[in-house]
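As provided, my_file_8.tsv (TSV, C-alpha atoms) reads as follows.
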chain	number	residue	atom	x	y	z
A	8	MET	CA	103.50	123.93	124.18
A	9	LYS	CA	105.16	121.16	122.16
A	10	ASN	CA	102.33	118.75	123.01
A	11	ASP	CA	99.83	121.38	121.86
A	12	MET	CA	101.60	121.55	118.50
A	13	LEU	CA	101.63	117.77	118.14
A	14	SER	CA	97.93	117.69	119.02
A	15	SER	CA	97.21	120.30	116.34
A	16	LEU	CA	99.09	118.23	113.77
A	17	LEU	CA	97.24	115.04	114.72
A	18	GLU	CA	93.91	116.85	114.41
A	19	THR	CA	94.59	117.59	110.75
A	20	ALA	CA	95.76	114.04	109.88
A	21	GLU	CA	93.53	111.54	108.09
A	22	LEU	CA	93.51	107.81	108.81
A	23	LYS	CA	93.19	105.55	105.76
A	24	VAL	CA	92.82	101.79	106.25
A	25	LEU	CA	94.14	100.08	103.13
A	26	LYS	CA	93.86	96.42	104.05
A	27	PHE	CA	93.00	94.29	107.08
A	28	ASP	CA	92.22	90.71	108.03
A	29	ILE	CA	92.30	88.01	110.69
A	30	HIS	CA	94.72	85.17	109.97
A	31	ARG	CA	95.28	81.89	111.78
A	32	ARG	CA	98.67	80.49	110.90
A	33	ARG	CA	100.73	77.45	111.85
A	34	GLU	CA	103.55	78.43	109.50
A	35	MET	CA	104.95	81.86	108.67
A	36	ASN	CA	108.26	82.93	107.19
A	37	TYR	CA	108.57	86.55	105.99
A	38	ARG	CA	112.21	87.53	105.55
A	39	ASN	CA	113.72	90.93	104.73
A	40	ARG	CA	110.23	92.38	104.49
A	41	VAL	CA	109.77	96.13	103.84
A	42	PHE	CA	106.62	98.25	103.59
A	43	GLN	CA	107.24	101.33	101.49
A	44	GLU	CA	103.90	103.14	101.44
A	45	TYR	CA	102.05	102.20	104.62
A	46	TYR	CA	102.31	101.06	108.22
A	47	MET	CA	101.44	97.63	109.55
A	48	MET	CA	100.07	96.95	113.00
A	49	THR	CA	99.51	93.36	114.05
A	50	TYR	CA	97.94	92.12	117.26
A	51	VAL	CA	98.47	88.51	118.39
A	52	ARG	CA	95.27	87.19	119.94
A	53	LYS	CA	96.63	83.69	120.65
A	54	GLY	CA	99.77	81.67	119.98
A	55	SER	CA	103.18	83.21	119.36
A	56	ALA	CA	105.64	84.31	116.69
A	57	LYS	CA	108.95	86.16	116.40
A	58	LEU	CA	110.03	89.51	115.03
A	59	ARG	CA	113.55	90.46	114.00
A	60	VAL	CA	114.56	94.07	113.58
A	61	GLN	CA	118.25	94.60	112.78
A	62	ASP	CA	120.18	92.34	115.18
A	63	LYS	CA	117.43	92.03	117.80
A	64	VAL	CA	114.81	89.27	117.96
A	65	TYR	CA	111.54	89.84	119.83
A	66	VAL	CA	109.21	87.10	121.04
A	67	ILE	CA	105.63	88.00	120.12
A	68	GLU	CA	103.35	86.62	122.80
A	69	PRO	CA	99.53	86.75	123.08
A	70	GLY	CA	98.36	90.28	123.81
A	71	SER	CA	101.32	91.87	121.98
A	72	VAL	CA	101.20	94.53	119.26
A	73	ILE	CA	103.74	94.67	116.44
A	74	PHE	CA	104.23	98.08	114.85
A	75	ILE	CA	106.15	98.19	111.57
A	76	PRO	CA	106.83	101.67	110.11
A	77	THR	CA	107.67	102.34	106.48
A	78	PHE	CA	111.07	101.33	105.10
A	79	LEU	CA	111.95	99.15	108.09
A	80	GLU	CA	113.49	95.86	106.99
A	81	HIS	CA	112.35	93.05	109.29
A	82	ASP	CA	111.62	89.34	109.58
A	83	GLN	CA	108.36	87.96	110.95
A	84	TYR	CA	108.22	84.23	111.40
A	85	LYS	CA	107.11	81.23	113.45
A	86	ASP	CA	109.42	78.51	114.73
A	87	SER	CA	106.73	76.26	116.22
A	88	ASP	CA	103.66	74.55	114.73
A	89	GLU	CA	101.14	75.92	117.23
A	90	GLU	CA	98.32	77.96	115.71
A	91	THR	CA	98.75	81.72	116.04
A	92	GLU	CA	95.92	84.17	115.42
A	93	PHE	CA	96.84	87.59	113.99
A	94	LEU	CA	94.61	90.65	113.75
A	95	TRP	CA	96.33	93.01	111.34
A	96	TRP	CA	95.85	96.09	109.23
A	97	HIS	CA	97.80	98.25	106.80
A	98	PHE	CA	97.15	101.98	107.04
A	99	THR	CA	98.43	105.51	106.54
A	100	TYR	CA	98.01	108.50	108.85
A	101	LYS	CA	98.94	111.64	106.94
A	102	ILE	CA	98.13	115.32	106.60
A	103	GLN	CA	96.72	115.99	103.11
A	104	ASN	CA	98.33	112.68	102.10
A	105	VAL	CA	101.68	114.52	102.20
A	106	ILE	CA	103.22	114.58	105.67
A	107	ASP	CA	103.30	111.49	107.89
A	108	VAL	CA	102.62	112.25	111.57
A	109	LEU	CA	103.27	108.90	113.25
A	110	PRO	CA	107.09	109.28	113.32
A	111	PHE	CA	106.60	112.12	115.82
A	112	LEU	CA	105.19	109.63	118.32
A	113	GLN	CA	108.12	107.17	118.10
A	114	ILE	CA	106.04	104.05	118.66
A	115	PRO	CA	107.94	100.90	119.82
A	116	TYR	CA	108.26	97.98	117.41
A	117	ILE	CA	106.54	95.69	119.91
A	118	TYR	CA	104.61	96.38	123.11
A	119	PRO	CA	101.89	94.79	125.29
A	120	LEU	CA	98.24	95.73	124.82
A	121	LYS	CA	96.77	96.14	128.29
A	122	ASN	CA	93.14	96.64	127.31
A	123	HIS	CA	93.25	93.77	124.81
A	124	LYS	CA	89.66	92.62	125.33
A	125	LYS	CA	88.39	96.06	124.33
A	126	PHE	CA	90.67	96.13	121.29
A	127	GLU	CA	89.58	92.65	120.17
A	128	ALA	CA	85.93	93.64	120.45
A	129	VAL	CA	86.43	96.86	118.46
A	130	PHE	CA	88.43	95.04	115.77
A	131	ASP	CA	85.66	92.47	115.38
A	132	GLU	CA	83.10	95.29	115.17
A	133	PHE	CA	85.22	97.03	112.53
A	134	VAL	CA	85.44	93.86	110.43
A	135	LEU	CA	81.67	93.32	110.75
A	136	ALA	CA	80.94	96.91	109.69
A	137	THR	CA	82.98	96.48	106.50
A	138	THR	CA	81.05	93.34	105.48
A	139	ARG	CA	77.63	95.01	105.53
A	140	GLU	CA	76.60	96.32	102.13
A	141	GLY	CA	74.03	98.91	101.14
A	142	HIS	CA	73.78	100.54	104.55
A	143	ILE	CA	75.03	104.16	104.34
A	144	PRO	CA	75.60	104.70	108.12
A	145	ASN	CA	78.10	101.82	107.96
A	146	ILE	CA	80.61	104.15	106.28
A	147	ILE	CA	80.52	106.36	109.36
A	148	LEU	CA	80.74	103.32	111.64
A	149	GLN	CA	83.82	102.02	109.76
A	150	LYS	CA	85.60	105.36	110.16
A	151	ALA	CA	84.64	105.58	113.83
A	152	LYS	CA	85.85	102.06	114.57
A	153	SER	CA	89.12	102.52	112.67
A	154	LEU	CA	89.87	105.68	114.68
A	155	GLU	CA	88.96	103.87	117.90
A	156	LEU	CA	91.39	101.09	117.00
A	157	LEU	CA	94.17	103.62	116.41
A	158	TYR	CA	93.34	105.35	119.69
A	159	LEU	CA	93.55	102.10	121.67
A	160	LEU	CA	96.83	101.15	120.02
A	161	LEU	CA	98.44	104.56	120.51
A	162	GLU	CA	97.19	104.88	124.08
A	163	ASN	CA	98.99	101.66	124.99
A	164	ALA	CA	102.07	102.55	122.93
A	165	MET	CA	102.51	105.91	124.65
A	166	GLY	CA	102.01	104.29	128.04
A	167	SER	CA	104.74	101.73	127.38
A	168	MET	CA	107.43	104.26	126.38
A	169	ASN	CA	109.99	105.95	128.56
A	170	THR	CA	109.22	109.60	127.83
A	171	THR	CA	112.66	110.71	129.01
A	172	GLU	CA	114.21	108.79	126.11
A	173	LEU	CA	112.02	110.27	123.38
A	174	ARG	CA	113.73	112.45	120.80
A	175	GLN	CA	110.92	114.58	119.44
A	176	PRO	CA	111.35	117.52	117.06
A	177	SER	CA	112.18	120.79	118.78
A	178	HIS	CA	109.56	123.43	119.42
A	179	SER	CA	111.13	125.71	116.78
A	180	PHE	CA	110.96	123.20	113.94
A	181	LEU	CA	107.54	121.96	114.93
A	182	SER	CA	106.36	125.56	114.69
A	183	ILE	CA	107.61	125.71	111.09
A	184	LEU	CA	105.87	122.44	110.24
A	185	LEU	CA	102.61	123.59	111.83
A	186	LYS	CA	102.76	126.86	109.88
A	187	ILE	CA	103.26	124.98	106.60
A	188	VAL	CA	100.46	122.52	107.33
A	189	THR	CA	97.89	125.03	108.52
A	190	GLN	CA	98.76	127.86	106.10
A	191	PRO	CA	99.40	126.35	102.66
A	192	GLU	CA	98.13	129.61	101.13
A	193	ALA	CA	100.78	131.70	102.92
A	194	SER	CA	103.79	133.14	101.12
A	195	LEU	CA	106.71	131.49	102.93
A	196	SER	CA	110.38	131.88	102.10
A	197	LEU	CA	113.33	130.04	103.59
A	198	SER	CA	114.99	133.30	104.57
A	199	ASP	CA	111.89	134.45	106.46
A	200	LEU	CA	111.58	131.13	108.28
A	201	ALA	CA	115.25	131.21	109.24
A	202	LYS	CA	114.96	134.83	110.38
A	203	ASP	CA	112.05	133.94	112.66
A	204	LEU	CA	114.22	131.28	114.32
A	205	HIS	CA	117.37	133.44	114.33
A	206	MET	CA	119.19	130.68	112.46
A	207	ASN	CA	121.12	130.20	109.23
A	208	SER	CA	118.91	129.42	106.19
A	209	THR	CA	120.97	126.42	105.09
A	210	TYR	CA	120.93	124.96	108.60
A	211	VAL	CA	117.16	125.39	108.87
A	212	SER	CA	116.55	123.69	105.52
A	213	ASN	CA	118.93	120.79	106.17
A	214	HIS	CA	117.77	120.18	109.75
A	215	PHE	CA	114.10	120.37	108.77
A	216	LYS	CA	114.71	117.83	105.99
A	217	GLU	CA	116.55	115.55	108.42
A	218	MET	CA	113.57	115.54	110.79
A	219	PHE	CA	110.64	115.52	108.37
A	220	GLY	CA	112.05	114.02	105.18
A	221	LYS	CA	111.65	117.11	102.99
A	222	SER	CA	112.87	120.68	102.93
A	223	PRO	CA	110.36	123.28	104.23
A	224	ILE	CA	109.97	124.90	100.79
A	225	LEU	CA	109.38	121.56	99.02
A	226	LEU	CA	106.88	120.51	101.67
A	227	HIS	CA	105.10	123.87	101.42
A	228	ARG	CA	104.73	123.45	97.65
A	229	GLU	CA	103.37	119.92	98.08
A	230	MET	CA	100.87	121.17	100.66
A	231	LYS	CA	99.73	123.87	98.23
A	232	ILE	CA	99.18	121.29	95.50
A	233	ALA	CA	97.36	118.95	97.90
A	234	LYS	CA	95.07	121.82	98.95
A	235	ALA	CA	94.54	122.75	95.31
A	236	LYS	CA	93.51	119.18	94.47
A	237	SER	CA	91.04	119.20	97.34
A	238	LEU	CA	89.49	122.51	96.20
A	239	LEU	CA	89.31	121.36	92.57
A	240	GLU	CA	87.55	118.15	93.60
A	241	MET	CA	84.92	120.12	95.53
A	242	GLN	CA	83.91	122.01	92.34
A	243	GLU	CA	82.88	125.10	94.34
A	244	MET	CA	85.55	127.53	93.07
A	245	ASN	CA	86.91	128.22	89.63
A	246	ILE	CA	90.59	127.77	88.86
A	247	THR	CA	91.43	131.46	89.02
A	248	GLU	CA	89.85	131.72	92.47
A	249	ILE	CA	91.76	128.66	93.68
A	250	SER	CA	95.03	130.05	92.35
A	251	SER	CA	94.44	133.34	94.16
A	252	THR	CA	93.31	131.62	97.37
A	253	LEU	CA	96.53	129.61	97.50
A	254	GLY	CA	98.69	132.73	97.16
A	255	PHE	CA	99.94	132.34	93.59
A	256	ASN	CA	100.85	135.59	91.84
A	257	ASP	CA	99.33	134.47	88.54
A	258	LEU	CA	97.39	131.61	87.00
A	259	GLN	CA	100.29	130.54	84.78
A	260	THR	CA	102.57	129.89	87.77
A	261	PHE	CA	99.85	127.86	89.50
A	262	THR	CA	99.14	125.84	86.35
A	263	ARG	CA	102.82	125.11	85.72
A	264	LEU	CA	103.46	123.96	89.30
A	265	PHE	CA	100.27	121.90	89.45
A	266	LYS	CA	101.14	120.10	86.22
A	267	LYS	CA	104.67	119.45	87.46
A	268	TYR	CA	103.36	117.57	90.50
A	269	THR	CA	100.29	115.85	89.01
A	270	GLY	CA	101.11	115.42	85.34
A	271	ILE	CA	97.92	117.21	84.23
A	272	SER	CA	96.63	120.79	84.30
A	273	PRO	CA	94.18	122.11	86.92
A	274	VAL	CA	91.51	122.26	84.20
A	275	GLN	CA	91.99	118.58	83.36
A	276	TYR	CA	92.05	117.60	87.05
A	277	LYS	CA	88.85	119.55	87.78
A	278	ARG	CA	87.13	117.87	84.84
A	279	LEU	CA	87.80	114.45	86.38
A	280	PHE	CA	85.42	115.34	89.23
A	281	ASP	CA	82.81	117.26	87.25
A	282	LYS	CA	79.60	115.24	87.47
A	283	ASN	CA	78.07	117.19	84.60
A	284	VAL	CA	80.64	115.97	82.10

Could you rewrite the structure in this file as structure tokens?
Amino acid sequence: MKNDMLSSLLETAELKVLKFDIHRRREMNYRNRVFQEYYMMTYVRKGSAKLRVQDKVYVIEPGSVIFIPTFLEHDQYKDSDEETEFLWWHFTYKIQNVIDVLPFLQIPYIYPLKNHKKFEAVFDEFVLATTREGHIPNIILQKAKSLELLYLLLENAMGSMNTTELRQPSHSFLSILLKIVTQPEASLSLSDLAKDLHMNSTYVSNHFKEMFGKSPILLHREMKIAKAKSLLEMQEMNITEISSTLGFNDLQTFTRLFKKYTGISPVQYKRLFDKNV
């Protein structure tokens, strides 16, 4: 059941590749490095390097993947002058650009890539697809190849982990998260959520925040606003209809909350995407 919930969450997540490249380096010295808004995955095609996380140093050999999550301070460096070839990309994998799903999978910082020839081929194809201009199907190819890269990386990561040591969110709290993600229009209260779990409201809120970074009510509001932005961009519904669809009691409440999170009113946001203006 828990795996079914995780699968449902992954199905709603969107992969965004922000930056990527192939680098050949003889020198490298990144110290106390931290990524605040995105993940980095690096594959070493040849040569070697080292990775330090906290007090542990890992040797990065050919065929290894380095996975660096957000807010992890680390060093990545070389202590030899041999040439090392890195295939790397920065990306996010979020639901409505609000909730990050990769922490649920607890990917190791470094692990071997067994099907490395396949990965190398797909990465090269992805790079090639991004260099072609003026060919509309290339957009689809880029998305397909980026998802294939993530699949290959996660398939190997999951295979290299000891599943008995994983500390995944409990079924109860995953059920709350799934409800928030899939029903942003629903009217959810902390007391109702706690009652469903037969738990104390304060405990539910604090434990949920500990696992997912935000309280359930705050996350629910952010999901509502994210859904509202998506509907406003589509230009198919008016603002009153969107407000009603998302479960707001009145237009004023919707407008006030939307402006609090975005800095502008729903009318102003909708106008940004109106092609007739």

Write out as a PyMOL selection string which residues come within 8 Å of Ile224 of chain A when counting all atoms listed in the file, dropping same-chain ones fewer than 5 positions away.
chain A and resi 195-197

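Minimum atom-to-atom distances from A:Ser208, A:Gln149, A:Ser87, A:Gln103 to Ala233 of chain A were compared using all atoms listed in the file, and the lowest value belongs to A:Gln103.
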
* Spatial neighbours of Trp96 of chain A, max dist 9 Å, all atoms listed in the file, sep filter under 4 positions, as JSON, numbers by chain -> {"A": [24, 25, 26, 27, 28, 29, 46, 47, 48, 49]}

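The shortest atom-to-atom distance to Glu243 of chain A, with only C-alpha atoms taken into account, belongs to A:Phe280 out of A:Phe280, A:Pro76, A:Leu148, A:Arg52.
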
Write out as a PDB file with C-alpha atoms, in the coordinates of the input each polymer residue whose atoms come within 6 Å of Glu92 of chain A, counting only C-alpha atoms; drop sequence neighbours fewer than 4 positions from it.
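What landed in part-v9.pdb:
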ATOM      1  CA  HIS A  30      94.720  85.170 109.970  1.00  0.00           C
ATOM      2  CA  ARG A  31      95.280  81.890 111.780  1.00  0.00           C
ATOM      3  CA  VAL A  51      98.470  88.510 118.390  1.00  0.00           C
ATOM      4  CA  ARG A  52      95.270  87.190 119.940  1.00  0.00           C
ATOM      5  CA  LYS A  53      96.630  83.690 120.650  1.00  0.00           C
TER       6      LYS A  53
END

Counting all atoms listed in the file, what is within 12 Å of Lys63 of chain A, bar same-chain residues fewer than 4 positions away, as a PyMOL selection string?
chain A and resi 57-59+81-82+116-117

With distances taken over only C-alpha atoms, the candidate from A:Ser212, A:Asn256, A:Asn36, A:Asn163 nearest Leu225 of chain A is A:Ser212

Here atom CA of Ile102 of chain A and atom CA of Ala20 of chain A stand apart by 4.2 Å

Exercise. Leaving out Thr252 of chain A and any residue of its chain fewer than 5 positions from it, which residues lie within 10 Å of it when counting all atoms listed in the file, given as a PyMOL selection string?
Worked result: chain A and resi 191-193+235+238+244+246-247

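Counting all atoms listed in the file and comparing A:Lys152, A:Met241, A:Val105, A:Phe261, the residue that lies closest to Ala128 of chain A is A:Lys152.
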
From atom CA of Asp131 of chain A to atom CA of Ile147 of chain A the spacing works out at 16.0 Å

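Nearest residue to Met230 of chain A, choosing from A:Val134, A:Asn10, A:Leu184, A:Leu79 and counting only C-alpha atoms: A:Leu184.
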
Model the absent atoms of segment 133-159 of chain A so that N, CA and C atoms are present, and write the result as a PDB file, in the coordinates of the input.
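Output file rebuild23.pdb follows:
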ATOM      1  N   PHE A 133      84.746  96.383 113.748  1.00  0.00           N
ATOM      2  CA  PHE A 133      85.220  97.030 112.530  1.00  0.00           C
ATOM      3  C   PHE A 133      85.102  96.090 111.339  1.00  0.00           C
ATOM      4  N   VAL A 134      85.527  94.854 111.506  1.00  0.00           N
ATOM      5  CA  VAL A 134      85.440  93.860 110.430  1.00  0.00           C
ATOM      6  C   VAL A 134      83.984  93.643 110.035  1.00  0.00           C
ATOM      7  N   LEU A 135      83.099  93.538 111.022  1.00  0.00           N
ATOM      8  CA  LEU A 135      81.670  93.320 110.750  1.00  0.00           C
ATOM      9  C   LEU A 135      81.085  94.500 109.985  1.00  0.00           C
ATOM     10  N   ALA A 136      81.471  95.718 110.360  1.00  0.00           N
ATOM     11  CA  ALA A 136      80.940  96.910 109.690  1.00  0.00           C
ATOM     12  C   ALA A 136      81.335  96.963 108.222  1.00  0.00           C
ATOM     13  N   THR A 137      82.510  96.440 107.892  1.00  0.00           N
ATOM     14  CA  THR A 137      82.980  96.480 106.500  1.00  0.00           C
ATOM     15  C   THR A 137      82.332  95.403 105.641  1.00  0.00           C
ATOM     16  N   THR A 138      81.687  94.420 106.250  1.00  0.00           N
ATOM     17  CA  THR A 138      81.050  93.340 105.480  1.00  0.00           C
ATOM     18  C   THR A 138      79.595  93.633 105.160  1.00  0.00           C
ATOM     19  N   ARG A 139      79.026  94.651 105.798  1.00  0.00           N
ATOM     20  CA  ARG A 139      77.630  95.010 105.530  1.00  0.00           C
ATOM     21  C   ARG A 139      77.564  95.910 104.302  1.00  0.00           C
ATOM     22  N   GLU A 140      76.717  95.551 103.363  1.00  0.00           N
ATOM     23  CA  GLU A 140      76.600  96.320 102.130  1.00  0.00           C
ATOM     24  C   GLU A 140      75.255  97.053 102.082  1.00  0.00           C
ATOM     25  N   GLY A 141      75.266  98.180 101.387  1.00  0.00           N
ATOM     26  CA  GLY A 141      74.030  98.910 101.140  1.00  0.00           C
ATOM     27  C   GLY A 141      73.465  99.650 102.330  1.00  0.00           C
ATOM     28  N   HIS A 142      74.261  99.846 103.366  1.00  0.00           N
ATOM     29  CA  HIS A 142      73.780 100.540 104.550  1.00  0.00           C
ATOM     30  C   HIS A 142      74.676 101.752 104.769  1.00  0.00           C
ATOM     31  N   ILE A 143      74.215 102.949 104.354  1.00  0.00           N
ATOM     32  CA  ILE A 143      75.030 104.160 104.340  1.00  0.00           C
ATOM     33  C   ILE A 143      75.673 104.471 105.701  1.00  0.00           C
ATOM     34  N   PRO A 144      74.958 104.391 106.833  1.00  0.00           N
ATOM     35  CA  PRO A 144      75.600 104.700 108.120  1.00  0.00           C
ATOM     36  C   PRO A 144      76.816 103.837 108.432  1.00  0.00           C
ATOM     37  N   ASN A 145      76.942 102.689 107.733  1.00  0.00           N
ATOM     38  CA  ASN A 145      78.100 101.820 107.960  1.00  0.00           C
ATOM     39  C   ASN A 145      79.422 102.503 107.619  1.00  0.00           C
ATOM     40  N   ILE A 146      79.387 103.422 106.645  1.00  0.00           N
ATOM     41  CA  ILE A 146      80.610 104.150 106.280  1.00  0.00           C
ATOM     42  C   ILE A 146      81.106 104.947 107.473  1.00  0.00           C
ATOM     43  N   ILE A 147      80.168 105.585 108.169  1.00  0.00           N
ATOM     44  CA  ILE A 147      80.520 106.360 109.360  1.00  0.00           C
ATOM     45  C   ILE A 147      81.018 105.431 110.460  1.00  0.00           C
ATOM     46  N   LEU A 148      80.344 104.287 110.609  1.00  0.00           N
ATOM     47  CA  LEU A 148      80.740 103.320 111.640  1.00  0.00           C
ATOM     48  C   LEU A 148      82.152 102.796 111.373  1.00  0.00           C
ATOM     49  N   GLN A 149      82.471 102.501 110.107  1.00  0.00           N
ATOM     50  CA  GLN A 149      83.820 102.020 109.760  1.00  0.00           C
ATOM     51  C   GLN A 149      84.875 103.043 110.153  1.00  0.00           C
ATOM     52  N   LYS A 150      84.635 104.314 109.818  1.00  0.00           N
ATOM     53  CA  LYS A 150      85.600 105.360 110.160  1.00  0.00           C
ATOM     54  C   LYS A 150      85.745 105.497 111.675  1.00  0.00           C
ATOM     55  N   ALA A 151      84.607 105.436 112.368  1.00  0.00           N
ATOM     56  CA  ALA A 151      84.640 105.580 113.830  1.00  0.00           C
ATOM     57  C   ALA A 151      85.418 104.436 114.465  1.00  0.00           C
ATOM     58  N   LYS A 152      85.178 103.224 114.002  1.00  0.00           N
ATOM     59  CA  LYS A 152      85.850 102.060 114.570  1.00  0.00           C
ATOM     60  C   LYS A 152      87.339 102.045 114.236  1.00  0.00           C
ATOM     61  N   SER A 153      87.701 102.489 113.036  1.00  0.00           N
ATOM     62  CA  SER A 153      89.120 102.520 112.670  1.00  0.00           C
ATOM     63  C   SER A 153      89.868 103.536 113.543  1.00  0.00           C
ATOM     64  N   LEU A 154      89.251 104.681 113.809  1.00  0.00           N
ATOM     65  CA  LEU A 154      89.870 105.680 114.680  1.00  0.00           C
ATOM     66  C   LEU A 154      89.941 105.174 116.121  1.00  0.00           C
ATOM     67  N   GLU A 155      88.925 104.422 116.547  1.00  0.00           N
ATOM     68  CA  GLU A 155      88.960 103.870 117.900  1.00  0.00           C
ATOM     69  C   GLU A 155      90.074 102.845 118.038  1.00  0.00           C
ATOM     70  N   LEU A 156      90.285 102.053 116.985  1.00  0.00           N
ATOM     71  CA  LEU A 156      91.390 101.090 117.000  1.00  0.00           C
ATOM     72  C   LEU A 156      92.733 101.814 117.136  1.00  0.00           C
ATOM     73  N   LEU A 157      92.908 102.869 116.345  1.00  0.00           N
ATOM     74  CA  LEU A 157      94.170 103.620 116.410  1.00  0.00           C
ATOM     75  C   LEU A 157      94.349 104.246 117.784  1.00  0.00           C
ATOM     76  N   TYR A 158      93.271 104.760 118.345  1.00  0.00           N
ATOM     77  CA  TYR A 158      93.340 105.350 119.690  1.00  0.00           C
ATOM     78  C   TYR A 158      93.795 104.323 120.718  1.00  0.00           C
ATOM     79  N   LEU A 159      93.188 103.141 120.697  1.00  0.00           N
ATOM     80  CA  LEU A 159      93.550 102.100 121.670  1.00  0.00           C
ATOM     81  C   LEU A 159      95.000 101.679 121.521  1.00  0.00           C
TER      82      LEU A 159
END
